[in-house]
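Trainee: File final.txt follows (compact mmCIF, C-alpha atoms):
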```txt
# COMPACT_ATOMS: atom_id res chain seq x y z
CA MET A 2 -0.83 24.13 3.04
CA PRO A 3 -2.21 22.42 -0.05
CA PHE A 4 -0.81 19.21 -1.39
CA ASN A 5 1.11 19.03 -4.61
CA SER A 6 -1.00 16.41 -6.31
CA SER A 7 0.49 17.00 -9.74
CA PRO A 8 2.05 13.89 -11.29
CA LEU A 9 4.76 16.17 -12.75
CA HIS A 10 6.21 17.08 -9.35
CA PHE A 11 9.76 15.92 -10.12
CA SER A 12 12.86 16.58 -8.06
CA LEU A 13 13.79 19.22 -10.65
CA PHE A 14 11.25 21.49 -8.97
CA SER A 15 12.12 20.65 -5.37
CA ILE A 16 14.26 23.08 -3.41
CA PRO A 17 15.32 22.10 0.11
CA LEU A 18 14.87 24.82 2.69
CA ARG A 19 15.58 25.13 6.40
CA CYS A 20 14.77 28.16 8.39
CA ALA A 21 14.47 28.68 12.10
CA ILE A 22 11.45 30.67 13.19
CA SER A 23 13.43 32.01 16.10
CA SER A 24 16.52 31.07 18.05
CA HIS A 25 14.35 29.63 20.83
CA SER A 26 11.78 27.81 18.70
CA HIS A 27 11.65 24.12 17.82
CA PHE A 28 9.42 24.78 14.82
CA SER A 29 11.13 24.33 11.47
CA LEU A 30 10.12 24.30 7.83
CA ARG A 31 11.56 21.09 6.44
CA SER A 32 10.61 21.14 2.77
CA TYR A 33 9.78 23.65 0.11
CA SER A 34 8.67 22.88 -3.41
CA ILE A 35 6.93 24.53 -6.30
CA SER A 36 4.39 22.69 -8.44
CA PRO A 37 4.67 23.71 -12.11
CA SER A 38 1.03 22.80 -12.74
CA SER A 39 -0.84 24.00 -9.70
CA ARG A 40 1.45 27.01 -9.10
CA PHE A 41 1.59 26.97 -5.38
CA VAL A 42 4.28 26.66 -2.79
CA TYR A 43 4.22 23.57 -0.60
CA MET A 44 5.74 23.87 2.83
CA ALA A 45 5.58 21.02 5.30
CA PRO A 46 5.93 22.17 8.92
CA PHE A 47 7.13 19.88 11.65
CA LEU A 48 6.96 20.50 15.35
CA GLU A 49 9.96 18.88 16.94
CA THR A 50 9.20 17.79 20.47
CA GLN A 51 10.74 15.41 22.96
CA LYS A 52 12.35 12.16 21.77
CA PRO A 53 10.77 9.04 23.31
CA LEU A 54 13.16 6.82 25.22
CA LEU A 55 13.79 3.28 24.06
CA ASP A 56 13.68 0.46 26.59
CA GLY A 57 16.77 0.68 28.77
CA GLU A 58 17.67 4.23 27.71
CA SER A 59 18.10 7.07 30.18
CA ASP A 60 17.39 10.69 29.47
CA HIS A 61 20.92 12.07 29.12
CA ASN A 62 19.60 15.43 27.96
CA ALA A 63 17.39 16.03 30.97
CA ALA A 64 20.14 17.16 33.34
CA GLY A 65 20.98 20.79 32.95
CA ALA A 66 18.38 21.29 30.24
CA GLY A 67 16.64 23.95 32.28
CA SER A 68 13.15 24.84 31.16
CA GLN A 69 13.82 24.07 27.50
CA THR A 70 11.98 20.93 26.27
CA PRO A 71 14.26 18.54 24.34
CA PRO A 72 13.02 17.46 20.90
CA VAL A 73 10.69 14.43 20.58
CA LEU A 74 11.12 12.36 17.45
CA SER A 75 8.54 10.19 15.74
CA MET A 76 9.46 6.51 15.65
CA VAL A 77 8.53 4.23 12.76
CA THR A 78 7.87 0.49 12.65
CA VAL A 79 7.16 -1.42 9.44
CA VAL A 80 4.84 -4.34 10.16
CA GLY A 81 5.81 -6.78 7.42
CA SER A 82 9.03 -7.80 5.69
CA GLY A 83 8.14 -9.31 2.34
CA ASN A 84 9.20 -7.87 -1.00
CA TRP A 85 7.16 -4.66 -0.75
CA GLY A 86 7.60 -4.39 3.01
CA SER A 87 11.39 -4.49 2.64
CA VAL A 88 11.29 -1.81 -0.06
CA ALA A 89 9.05 0.34 2.14
CA ALA A 90 11.56 -0.02 4.99
CA LYS A 91 14.37 1.04 2.64
CA LEU A 92 12.46 4.14 1.50
CA ILE A 93 11.55 5.16 5.03
CA ALA A 94 15.03 4.48 6.46
CA SER A 95 16.65 6.74 3.87
CA ASN A 96 14.39 9.58 4.98
CA THR A 97 14.58 9.12 8.74
CA LEU A 98 18.32 9.72 8.46
CA LYS A 99 17.63 13.13 6.90
CA LEU A 100 14.50 14.39 8.66
CA ASN A 101 15.05 15.89 12.09
CA SER A 102 11.51 15.05 13.20
CA PHE A 103 12.09 11.27 13.04
CA HIS A 104 14.13 8.84 15.08
CA GLU A 105 16.77 7.35 12.78
CA GLU A 106 16.08 3.71 13.64
CA VAL A 107 13.34 1.93 11.67
CA ARG A 108 12.07 -1.33 13.14
CA MET A 109 10.79 -3.97 10.74
CA TRP A 110 8.72 -6.85 12.06
CA VAL A 111 9.80 -10.11 10.44
CA PHE A 112 7.68 -13.24 10.41
CA GLU A 113 10.48 -15.55 11.46
CA GLU A 114 11.61 -18.20 9.00
CA VAL A 115 14.53 -20.62 8.98
CA LEU A 116 16.53 -20.35 5.77
CA PRO A 117 18.03 -23.38 3.97
CA THR A 118 21.35 -22.49 5.63
CA GLY A 119 19.76 -23.10 9.04
CA GLU A 120 19.96 -19.42 9.97
CA LYS A 121 16.98 -17.33 11.06
CA LEU A 122 15.83 -14.76 8.54
CA SER A 123 15.76 -11.90 11.06
CA GLU A 124 19.34 -12.60 12.14
CA VAL A 125 20.57 -12.68 8.55
CA ILE A 126 18.82 -9.37 7.81
CA ASN A 127 20.48 -7.73 10.81
CA ARG A 128 23.90 -9.19 9.96
CA THR A 129 23.86 -8.46 6.22
CA ASN A 130 21.47 -5.49 6.08
CA GLU A 131 19.64 -7.40 3.34
CA ASN A 132 16.44 -9.43 3.11
CA VAL A 133 18.10 -12.35 1.35
CA LYS A 134 14.81 -14.19 0.78
CA TYR A 135 12.39 -11.51 -0.37
CA LEU A 136 14.66 -8.71 -1.65
CA PRO A 137 18.09 -10.20 -2.37
CA GLY A 138 20.92 -7.94 -3.44
CA ILE A 139 19.41 -4.75 -1.98
CA LYS A 140 20.79 -3.04 1.12
CA LEU A 141 17.98 -1.81 3.33
CA GLY A 142 19.92 0.82 5.25
CA LYS A 143 21.98 0.27 8.39
CA ASN A 144 19.28 1.94 10.49
CA VAL A 145 16.77 -0.85 9.66
CA VAL A 146 16.48 -3.36 12.52
CA ALA A 147 14.66 -6.65 11.92
CA ASP A 148 12.61 -7.84 14.90
CA PRO A 149 10.74 -11.18 14.98
CA ASP A 150 8.77 -10.16 18.10
CA ILE A 151 5.83 -8.09 16.86
CA GLU A 152 4.97 -6.66 20.27
CA ASN A 153 8.53 -5.53 20.83
CA ALA A 154 8.75 -4.15 17.31
CA VAL A 155 5.77 -1.80 17.76
CA ARG A 156 6.27 -0.92 21.45
CA ASN A 157 8.01 2.44 20.98
CA ALA A 158 6.59 3.41 17.60
CA ASN A 159 4.01 6.11 17.05
CA MET A 160 3.97 5.60 13.26
CA LEU A 161 3.00 2.10 12.10
CA VAL A 162 3.36 1.02 8.48
CA PHE A 163 1.32 -2.10 7.70
CA VAL A 164 2.44 -4.09 4.68
CA THR A 165 1.51 -7.78 4.95
CA PRO A 166 -0.80 -10.05 2.93
CA HIS A 167 -4.32 -8.84 3.65
CA GLN A 168 -5.57 -12.24 4.81
CA PHE A 169 -3.29 -12.04 7.88
CA MET A 170 -4.29 -8.58 9.05
CA GLU A 171 -7.17 -9.45 11.34
CA GLY A 172 -4.95 -11.80 13.35
CA ILE A 173 -2.14 -9.25 13.49
CA CYS A 174 -4.47 -6.52 14.74
CA LYS A 175 -5.79 -8.77 17.50
CA LYS A 176 -2.22 -9.34 18.69
CA LEU A 177 -1.57 -5.60 18.82
CA ILE A 178 -4.64 -4.53 20.81
CA GLY A 179 -3.38 -2.81 23.94
CA LYS A 180 0.26 -3.14 22.79
CA ILE A 181 0.72 0.12 20.89
CA ARG A 182 1.26 3.70 21.99
CA ASP A 183 -1.78 5.86 22.71
CA ASP A 184 -0.61 8.43 20.17
CA ALA A 185 0.07 5.90 17.41
CA GLU A 186 -1.19 6.37 13.87
CA ALA A 187 -0.99 4.03 10.90
CA ILE A 188 -0.75 3.75 7.16
CA SER A 189 -1.71 0.67 5.16
CA LEU A 190 0.13 -0.42 2.02
CA ILE A 191 -2.05 -3.55 1.89
CA LYS A 192 -4.12 -4.37 -1.18
CA GLY A 193 -7.18 -6.41 -0.31
CA MET A 194 -10.27 -6.46 1.88
CA GLU A 195 -12.03 -8.59 4.45
CA VAL A 196 -15.52 -9.85 3.61
CA LYS A 197 -17.82 -10.39 6.58
CA LYS A 198 -21.52 -11.11 6.98
CA GLU A 199 -22.28 -7.44 7.44
CA GLY A 200 -20.38 -6.56 4.27
CA PRO A 201 -16.88 -5.78 2.96
CA CYS A 202 -14.37 -4.20 5.32
CA MET A 203 -11.39 -2.30 3.95
CA ILE A 204 -8.08 -3.02 5.65
CA SER A 205 -7.65 0.61 6.73
CA ALA A 206 -11.05 0.44 8.43
CA LEU A 207 -10.10 -2.86 10.09
CA ILE A 208 -6.94 -1.28 11.52
CA SER A 209 -8.81 1.82 12.72
CA GLU A 210 -11.63 -0.15 14.32
CA GLN A 211 -9.54 -2.80 16.05
CA LEU A 212 -6.66 -0.58 17.20
CA GLY A 213 -8.57 2.67 17.67
CA ILE A 214 -6.13 4.73 15.59
CA ASN A 215 -6.24 6.89 12.47
CA CYS A 216 -5.17 5.00 9.34
CA CYS A 217 -4.21 6.43 5.96
CA VAL A 218 -3.39 4.33 2.89
CA LEU A 219 -0.63 4.38 0.28
CA MET A 220 -1.17 2.82 -3.15
CA GLY A 221 0.28 3.35 -6.61
CA ALA A 222 2.04 1.99 -9.66
CA ASN A 223 4.66 0.36 -7.46
CA ILE A 224 6.40 -2.79 -8.63
CA ALA A 225 8.66 -3.29 -5.64
CA ASN A 226 11.78 -4.55 -7.40
CA GLU A 227 11.89 -1.47 -9.63
CA ILE A 228 11.61 0.91 -6.68
CA ALA A 229 14.28 -1.10 -4.85
CA VAL A 230 16.81 -0.15 -7.54
CA GLU A 231 15.54 3.44 -7.43
CA LYS A 232 13.74 3.64 -10.76
CA PHE A 233 11.29 6.55 -10.83
CA SER A 234 7.80 5.82 -9.52
CA GLU A 235 4.77 7.58 -8.03
CA ALA A 236 2.33 6.77 -5.23
CA THR A 237 -0.83 8.19 -3.71
CA VAL A 238 -1.61 8.65 -0.01
CA GLY A 239 -5.32 8.56 0.77
CA TYR A 240 -6.57 10.25 3.93
CA ARG A 241 -9.94 10.99 5.55
CA LYS A 242 -9.83 14.24 7.51
CA ASP A 243 -6.42 14.60 9.12
CA LYS A 244 -4.43 16.52 6.52
CA GLU A 245 -1.48 17.05 8.86
CA SER A 246 -1.13 13.31 9.35
CA ALA A 247 -1.20 12.76 5.59
CA GLU A 248 1.50 15.41 5.12
CA LYS A 249 3.71 13.58 7.58
CA TRP A 250 3.29 10.29 5.69
CA VAL A 251 4.02 12.01 2.38
CA GLN A 252 7.27 13.40 3.75
CA LEU A 253 8.26 10.05 5.27
CA PHE A 254 7.93 8.21 1.94
CA ASN A 255 8.76 10.87 -0.64
CA THR A 256 12.20 10.67 -2.30
CA SER A 257 13.75 11.91 -5.54
CA TYR A 258 12.74 8.64 -7.24
CA PHE A 259 9.50 7.92 -5.34
CA MET A 260 7.10 10.85 -5.70
CA VAL A 261 4.13 10.84 -3.33
CA SER A 262 0.98 12.98 -3.48
CA ALA A 263 -2.13 12.90 -1.29
CA VAL A 264 -5.88 12.93 -1.86
CA GLN A 265 -8.78 13.07 0.59
CA ASP A 266 -10.30 9.75 -0.47
CA VAL A 267 -9.21 6.73 1.58
CA GLU A 268 -11.81 4.35 0.16
CA GLY A 269 -11.14 5.35 -3.44
CA VAL A 270 -7.37 4.99 -3.14
CA GLU A 271 -7.63 1.70 -1.28
CA LEU A 272 -10.18 0.14 -3.62
CA CYS A 273 -8.09 1.06 -6.65
CA GLY A 274 -5.13 -0.76 -5.13
CA THR A 275 -7.32 -3.73 -4.25
CA LEU A 276 -9.38 -4.22 -7.40
CA LYS A 277 -6.60 -3.76 -9.94
CA ASN A 278 -5.21 -7.15 -8.89
CA VAL A 279 -8.40 -8.82 -10.14
CA VAL A 280 -7.98 -7.10 -13.51
CA ALA A 281 -4.30 -8.15 -13.57
CA ILE A 282 -5.40 -11.79 -13.26
CA ALA A 283 -7.59 -11.28 -16.34
CA ALA A 284 -4.67 -9.67 -18.19
CA GLY A 285 -2.51 -12.67 -17.31
CA PHE A 286 -5.09 -15.02 -18.80
CA VAL A 287 -4.95 -12.99 -22.02
CA ASP A 288 -1.14 -13.21 -22.10
CA GLY A 289 -1.17 -16.93 -21.40
CA LEU A 290 -3.56 -17.55 -24.28
CA GLU A 291 -1.53 -15.22 -26.56
CA MET A 292 -4.57 -13.15 -27.45
CA GLY A 293 -2.54 -10.02 -28.18
CA ASN A 294 -2.34 -6.41 -27.11
CA ASN A 295 -5.73 -5.31 -28.45
CA THR A 296 -7.49 -7.87 -26.30
CA LYS A 297 -5.39 -6.95 -23.28
CA ALA A 298 -6.20 -3.25 -23.74
CA ALA A 299 -9.91 -4.10 -23.92
CA ILE A 300 -9.68 -6.11 -20.70
CA MET A 301 -7.92 -3.19 -18.98
CA ARG A 302 -10.59 -0.73 -20.12
CA ILE A 303 -13.45 -2.95 -18.99
CA GLY A 304 -11.59 -3.63 -15.76
CA LEU A 305 -11.16 0.08 -14.99
CA ARG A 306 -14.84 0.60 -15.70
CA GLU A 307 -15.84 -2.12 -13.24
CA MET A 308 -13.33 -0.86 -10.65
CA LYS A 309 -14.95 2.57 -10.72
CA ALA A 310 -18.50 1.21 -10.64
CA PHE A 311 -17.83 -1.21 -7.78
CA SER A 312 -16.07 1.47 -5.73
CA LYS A 313 -18.89 3.99 -6.14
CA LEU A 314 -21.62 1.48 -5.37
CA LEU A 315 -19.89 0.58 -2.09
CA PHE A 316 -18.77 4.12 -1.22
CA PRO A 317 -20.63 6.93 -3.04
CA SER A 318 -18.06 9.41 -1.64
CA VAL A 319 -15.32 7.97 -3.90
CA LYS A 320 -14.05 10.70 -6.25
CA ASP A 321 -13.79 10.28 -10.01
CA SER A 322 -10.45 12.09 -9.97
CA THR A 323 -8.90 9.39 -7.77
CA PHE A 324 -8.94 6.98 -10.71
CA PHE A 325 -6.53 9.28 -12.55
CA GLU A 326 -4.00 9.34 -9.71
CA SER A 327 -1.07 6.91 -9.50
CA CYS A 328 -3.24 4.59 -7.38
CA GLY A 329 -5.78 4.34 -10.21
CA VAL A 330 -5.08 4.02 -13.91
CA ALA A 331 -1.28 4.04 -13.49
CA ASP A 332 -1.33 1.16 -10.99
CA LEU A 333 -3.76 -0.75 -13.22
CA ILE A 334 -1.47 -0.40 -16.24
CA THR A 335 1.73 -1.44 -14.50
CA THR A 336 0.07 -4.39 -12.74
CA CYS A 337 -1.40 -5.66 -16.01
CA LEU A 338 2.00 -5.38 -17.70
CA GLY A 339 4.08 -6.88 -14.90
CA GLY A 340 3.77 -8.10 -11.33
CA ARG A 341 3.07 -11.42 -9.65
CA ASN A 342 -0.68 -11.61 -10.31
CA ARG A 343 -0.31 -11.27 -14.07
CA LYS A 344 2.68 -13.63 -14.07
CA CYS A 345 0.91 -16.46 -12.24
CA ALA A 346 -2.31 -16.00 -14.21
CA GLU A 347 -0.32 -16.31 -17.45
CA ALA A 348 1.14 -19.62 -16.25
CA PHE A 349 -2.32 -20.78 -15.18
CA ALA A 350 -3.73 -20.11 -18.67
CA ARG A 351 -0.76 -21.72 -20.45
CA ASN A 352 -1.46 -24.88 -18.49
CA GLY A 353 -5.14 -24.78 -19.41
CA GLY A 354 -6.13 -24.25 -15.81
CA LYS A 355 -4.86 -27.72 -14.87
CA ARG A 356 -2.42 -26.45 -12.24
CA SER A 357 -3.91 -24.66 -9.25
CA PHE A 358 -2.96 -21.15 -8.23
CA ASP A 359 -1.75 -22.51 -4.89
CA GLU A 360 0.72 -24.74 -6.73
CA LEU A 361 1.86 -21.95 -9.04
CA GLU A 362 2.23 -19.52 -6.13
CA ALA A 363 4.46 -21.93 -4.23
CA GLU A 364 6.59 -22.61 -7.31
CA MET A 365 6.91 -19.12 -8.75
CA LEU A 366 6.76 -16.63 -5.88
CA GLN A 367 9.26 -18.02 -3.35
CA GLY A 368 7.07 -17.43 -0.34
CA GLN A 369 5.27 -14.31 -1.56
CA LYS A 370 1.48 -14.33 -1.72
CA LEU A 371 -0.92 -13.72 -4.56
CA GLN A 372 -3.56 -11.12 -3.81
CA GLY A 373 -5.65 -11.18 -6.98
CA VAL A 374 -7.13 -14.67 -6.60
CA SER A 375 -8.30 -14.16 -3.02
CA THR A 376 -9.53 -10.65 -3.83
CA ALA A 377 -11.52 -12.01 -6.80
CA LYS A 378 -13.20 -14.45 -4.43
CA GLU A 379 -14.01 -11.70 -1.93
CA VAL A 380 -15.38 -9.40 -4.64
CA TYR A 381 -17.49 -12.25 -6.00
CA GLU A 382 -18.96 -12.87 -2.54
CA VAL A 383 -19.97 -9.21 -2.29
CA LEU A 384 -21.48 -9.22 -5.78
CA ASN A 385 -23.38 -12.44 -5.14
CA HIS A 386 -24.69 -11.30 -1.75
CA ARG A 387 -25.94 -7.97 -3.11
CA GLY A 388 -27.32 -9.32 -6.38
CA TRP A 389 -24.80 -7.44 -8.50
CA LEU A 390 -23.23 -10.31 -10.45
CA GLU A 391 -24.65 -9.33 -13.82
CA LEU A 392 -23.39 -5.76 -13.36
CA PHE A 393 -19.78 -6.98 -13.23
CA PRO A 394 -19.20 -9.66 -15.87
CA LEU A 395 -15.40 -9.34 -15.87
CA PHE A 396 -15.01 -9.60 -12.09
CA SER A 397 -17.43 -12.54 -11.98
CA THR A 398 -15.71 -14.38 -14.82
CA VAL A 399 -12.22 -13.98 -13.29
CA HIS A 400 -13.34 -15.69 -10.10
CA LYS A 401 -15.08 -18.53 -11.94
CA ILE A 402 -11.93 -19.19 -13.99
CA CYS A 403 -9.76 -19.13 -10.86
CA VAL A 404 -11.86 -21.81 -9.15
CA GLY A 405 -12.18 -23.98 -12.25
CA GLN A 406 -15.83 -23.31 -13.08
CA LEU A 407 -14.84 -21.84 -16.46
CA PRO A 408 -11.80 -22.35 -18.75
CA PRO A 409 -9.26 -19.51 -19.14
CA SER A 410 -10.59 -18.81 -22.65
CA ALA A 411 -13.85 -17.62 -21.07
CA ILE A 412 -12.13 -14.35 -20.24
CA VAL A 413 -13.20 -13.02 -23.66
CA GLU A 414 -16.44 -14.94 -23.90
CA PHE A 415 -18.35 -13.13 -21.16
CA CYS A 416 -21.08 -10.77 -22.29
CA GLU A 417 -20.45 -7.11 -21.46
CA HIS A 418 -24.16 -6.39 -21.59
CA LYS A 419 -25.90 -3.16 -20.67
CA PRO A 420 -26.19 -3.23 -16.86
CA ASN A 421 -29.68 -3.43 -15.38
CA PHE A 422 -29.46 -0.64 -12.83
CA SER A 423 -32.95 -1.29 -11.50
CA ILE A 424 -31.45 -4.20 -9.55
CA VAL A 425 -29.65 -1.93 -7.14
CA GLY A 426 -31.25 1.41 -7.86
CA ALA A 427 -27.89 2.69 -9.06
CA SER A 428 -27.55 5.42 -11.65
CA ALA A 429 -25.71 5.13 -14.94
CA GLN A 430 -23.07 7.60 -13.75
CA PHE A 431 -21.27 4.74 -12.00
CA PHE A 432 -20.52 3.26 -15.40
```
Take the structure I supplied and represent it as structure tokens, if you would.
Mentor:
Amino acid sequence: MPFNSSPLHFSLFSIPLRCAISSHSHFSLRSYSISPSSRFVYMAPFLETQKPLLDGESDHNAAGAGSQTPPVLSMVTVVGSGNWGSVAAKLIASNTLKLNSFHEEVRMWVFEEVLPTGEKLSEVINRTNENVKYLPGIKLGKNVVADPDIENAVRNANMLVFVTPHQFMEGICKKLIGKIRDDAEAISLIKGMEVKKEGPCMISALISEQLGINCCVLMGANIANEIAVEKFSEATVGYRKDKESAEKWVQLFNTSYFMVSAVQDVEGVELCGTLKNVVAIAAGFVDGLEMGNNTKAAIMRIGLREMKAFSKLLFPSVKDSTFFESCGVADLITTCLGGRNRKCAEAFARNGGKRSFDELEAEMLQGQKLQGVSTAKEVYEVLNHRGWLELFPLFSTVHKICVGQLPPSAIVEFCEHKPNFSIVGASAQFF
């Protein structure tokens, strides 16, 4: 069952289909679509097995069921409840109501906060069906349940969606060791990486290593507020070997306005989503200094070039084609045109670098976190440790501007010289 990876896979070409294999079978074909470009039929099979019981539930279907096994439904928990986490919960909740292979309820772990009204954020979400702090005015779906207890939130779930600031993930994973189901699997919507003495660690790898579970990734040109009001968007699921798992994630997220495809390239998809935030910071500097569209386009081109080179030096298995998926060039474009990283970097440049990013983040983002500044620091540490600084002048310059070593105007003063590949024994194909 091949994936429809075409970016032109619109709802116009999707035809819902249900068919029972036999009157005694629990196997059903849940979706059927035709790709106009790749000319194949995509059918996603789902094996419906027994529904797991929630705490305090009894098996009302067991009595009199005879030898027939009742269906089991996958249960989903979203770990994170910021702007993007809330939108992810909304997307997923709309689909779990329709797909017979999923439990309708979607748990969403909320880092508890007390609102100015004195109420707890989780209680307000459950009362109003709205994340009034991070996604005001948008109903999440009545089947979304906010839970401030992370262990309770994940207890019954076999599908975990991680969407928190990347700097918090190591601590979250440590809390979840031994607390999740044995058959759990994960997907990361997190853009960033951990840098350790032994080298960079992607968030999907961190989840897999600490929790002992398979982890896919989902990245793309996804400004959360636009998806929240159901404007058309695309995304890319990256997977390693388990194609069936990737298919399940695609079906869980895919809607008429949020088109999801999949590629077998976890590192490529994840690094695209991570590194584009560094380029968006550079684009924000250009906007803040009013340098114009030509300069911004040049920064985006150089940024994409360095994204590809950095990814391939770290992971030679990264595919060139991944950079032309939604997670690649499309995400880079939308992040450099809009989004929080560009916005804060523009303000930073307008103030001549005199106001720190921490100050601007607190003032402009209402509790949300910047990813580009911390990612620029992490990338710089990798480049410095491996002796690659001169290979990546844009990445290096962004970090130095962020920490005050250079003025914002330096963004166009760096020298895009011919890389000296003898330093790392790399070949020119990376550039």
Trainee: Of the candidates A:Ile191, A:Ser82, A:Asn385, A:Thr97, which shows the shortest atom-to-atom distance to A:Ala147, using only C-alpha atoms?
Mentor: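 For A:Ala147, the nearest of the candidates is A:Ser82.
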Trainee: Might you pull out every residue within 8 Å of A:Leu92, with only C-alpha atoms counted and same-chain residues fewer than 2 positions away left off, and present them as a list of chain:residue names?
Mentor: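 Near neighbours after the sequence-gap exclusion: A:Val88, A:Ala89, A:Ala90, A:Ala94, A:Ser95, A:Asn96, A:Phe254, A:Asn255, A:Thr256.
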Trainee: Using all atoms listed in the file, which protein or nucleic acid residues come within 12 Å of A:Asn159? Drop anything in the same chain fewer than 2 positions from it, and give the result as a PyMOL selection string.
Mentor: chain A and resi 52-53+73-79+103-104+107-108+154-157+161-162+180-188+214-215+246
Trainee: Rounded to one decimal in Å, what is the spacing between atom CA of A:Thr336 and atom CA of A:Asn294?
Mentor: 14.7 Å
Trainee: Go through A:Met160, A:Val115, A:Val267, A:Val383 one by one, measure the shortest atom-to-atom distance of each to A:Leu253 using only C-alpha atoms, and give the residue with the smallest value.
Mentor: A:Met160
Trainee: Quick one, how far is atom CA of A:Gly179 from atom CA of A:Gly81?
Mentor: 19.3 Å
Trainee: With a cut-off of 12 Å, could you pull out the residues of stretch 208-236 of chain A touching stretch 258-264 of chain A and give me the nearest pair of atoms for each, distance in Å to one decimal, using all atoms listed in the file, ordered by chain and ascending number, as JSON lines?
Mentor:
```
{"residue": "A:Cys217", "atom": "CA", "partner": "A:Ala263", "partner_atom": "CA", "distance": 9.9}
{"residue": "A:Val218", "atom": "CA", "partner": "A:Ala263", "partner_atom": "CA", "distance": 9.6}
{"residue": "A:Leu219", "atom": "CA", "partner": "A:Ala263", "partner_atom": "CA", "distance": 8.8}
{"residue": "A:Met220", "atom": "CA", "partner": "A:Val261", "partner_atom": "CA", "distance": 9.6}
{"residue": "A:Gly221", "atom": "CA", "partner": "A:Val261", "partner_atom": "CA", "distance": 9.0}
{"residue": "A:Ala222", "atom": "CA", "partner": "A:Phe259", "partner_atom": "CA", "distance": 10.5}
{"residue": "A:Asn223", "atom": "CA", "partner": "A:Phe259", "partner_atom": "CA", "distance": 9.2}
{"residue": "A:Ile224", "atom": "CA", "partner": "A:Phe259", "partner_atom": "CA", "distance": 11.6}
{"residue": "A:Ala225", "atom": "CA", "partner": "A:Phe259", "partner_atom": "CA", "distance": 11.2}
{"residue": "A:Glu227", "atom": "CA", "partner": "A:Tyr258", "partner_atom": "CA", "distance": 10.4}
{"residue": "A:Ile228", "atom": "CA", "partner": "A:Phe259", "partner_atom": "CA", "distance": 7.4}
{"residue": "A:Ala229", "atom": "CA", "partner": "A:Tyr258", "partner_atom": "CA", "distance": 10.1}
{"residue": "A:Val230", "atom": "CA", "partner": "A:Tyr258", "partner_atom": "CA", "distance": 9.7}
{"residue": "A:Glu231", "atom": "CA", "partner": "A:Tyr258", "partner_atom": "CA", "distance": 5.9}
{"residue": "A:Lys232", "atom": "CA", "partner": "A:Tyr258", "partner_atom": "CA", "distance": 6.2}
{"residue": "A:Phe233", "atom": "CA", "partner": "A:Tyr258", "partner_atom": "CA", "distance": 4.4}
{"residue": "A:Ser234", "atom": "CA", "partner": "A:Phe259", "partner_atom": "CA", "distance": 5.0}
{"residue": "A:Glu235", "atom": "CA", "partner": "A:Met260", "partner_atom": "CA", "distance": 4.6}
{"residue": "A:Ala236", "atom": "CA", "partner": "A:Val261", "partner_atom": "CA", "distance": 4.8}
```
Trainee: Restricting the calculation to all atoms listed in the file: of A:Val374, A:Leu395, A:Leu390, A:Ala350, which residue gets closest to A:Met308?
Mentor: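 For A:Met308, the nearest of the candidates is A:Leu395.
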Trainee: Kindly indicate which residue among A:Asp332, A:Glu307, A:Glu364, A:Glu248 lies nearest to A:Glu391, using all atoms listed in the file for the distances.
Mentor: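 Of all the options, A:Glu307 lies closest to A:Glu391.
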Trainee: Tell me, in Å to one decimal, how far atom CA of A:Arg351 is from atom CA of A:Leu290.
Mentor: 6.3 Å
Trainee: Looking at A:His167, A:His386, A:Lys121, A:Lys134, which one is nearest to A:Gly368, with distances taken over all atoms listed in the file?
Mentor: A:Lys134
Trainee: May I have the protein, DNA and RNA residues with an atom at most 12 Å from (-9.9, -21.9, -21.6), counting all atoms listed in the file in the file's coordinates, returned as a list in words?
Mentor: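 Neighbouring residues, ordered by chain and number, come to Phe286, Val287, Gly289, Leu290, Glu291, Met292, Glu347, Phe349, Ala350, Arg351, Asn352, Gly353, Gly354, Lys355, Thr398, Val399, Lys401, Ile402, Cys403, Gly405, Gln406, Leu407, Pro408, Pro409, Ser410, Ala411, Ile412, Val413 and Glu414 of chain A.
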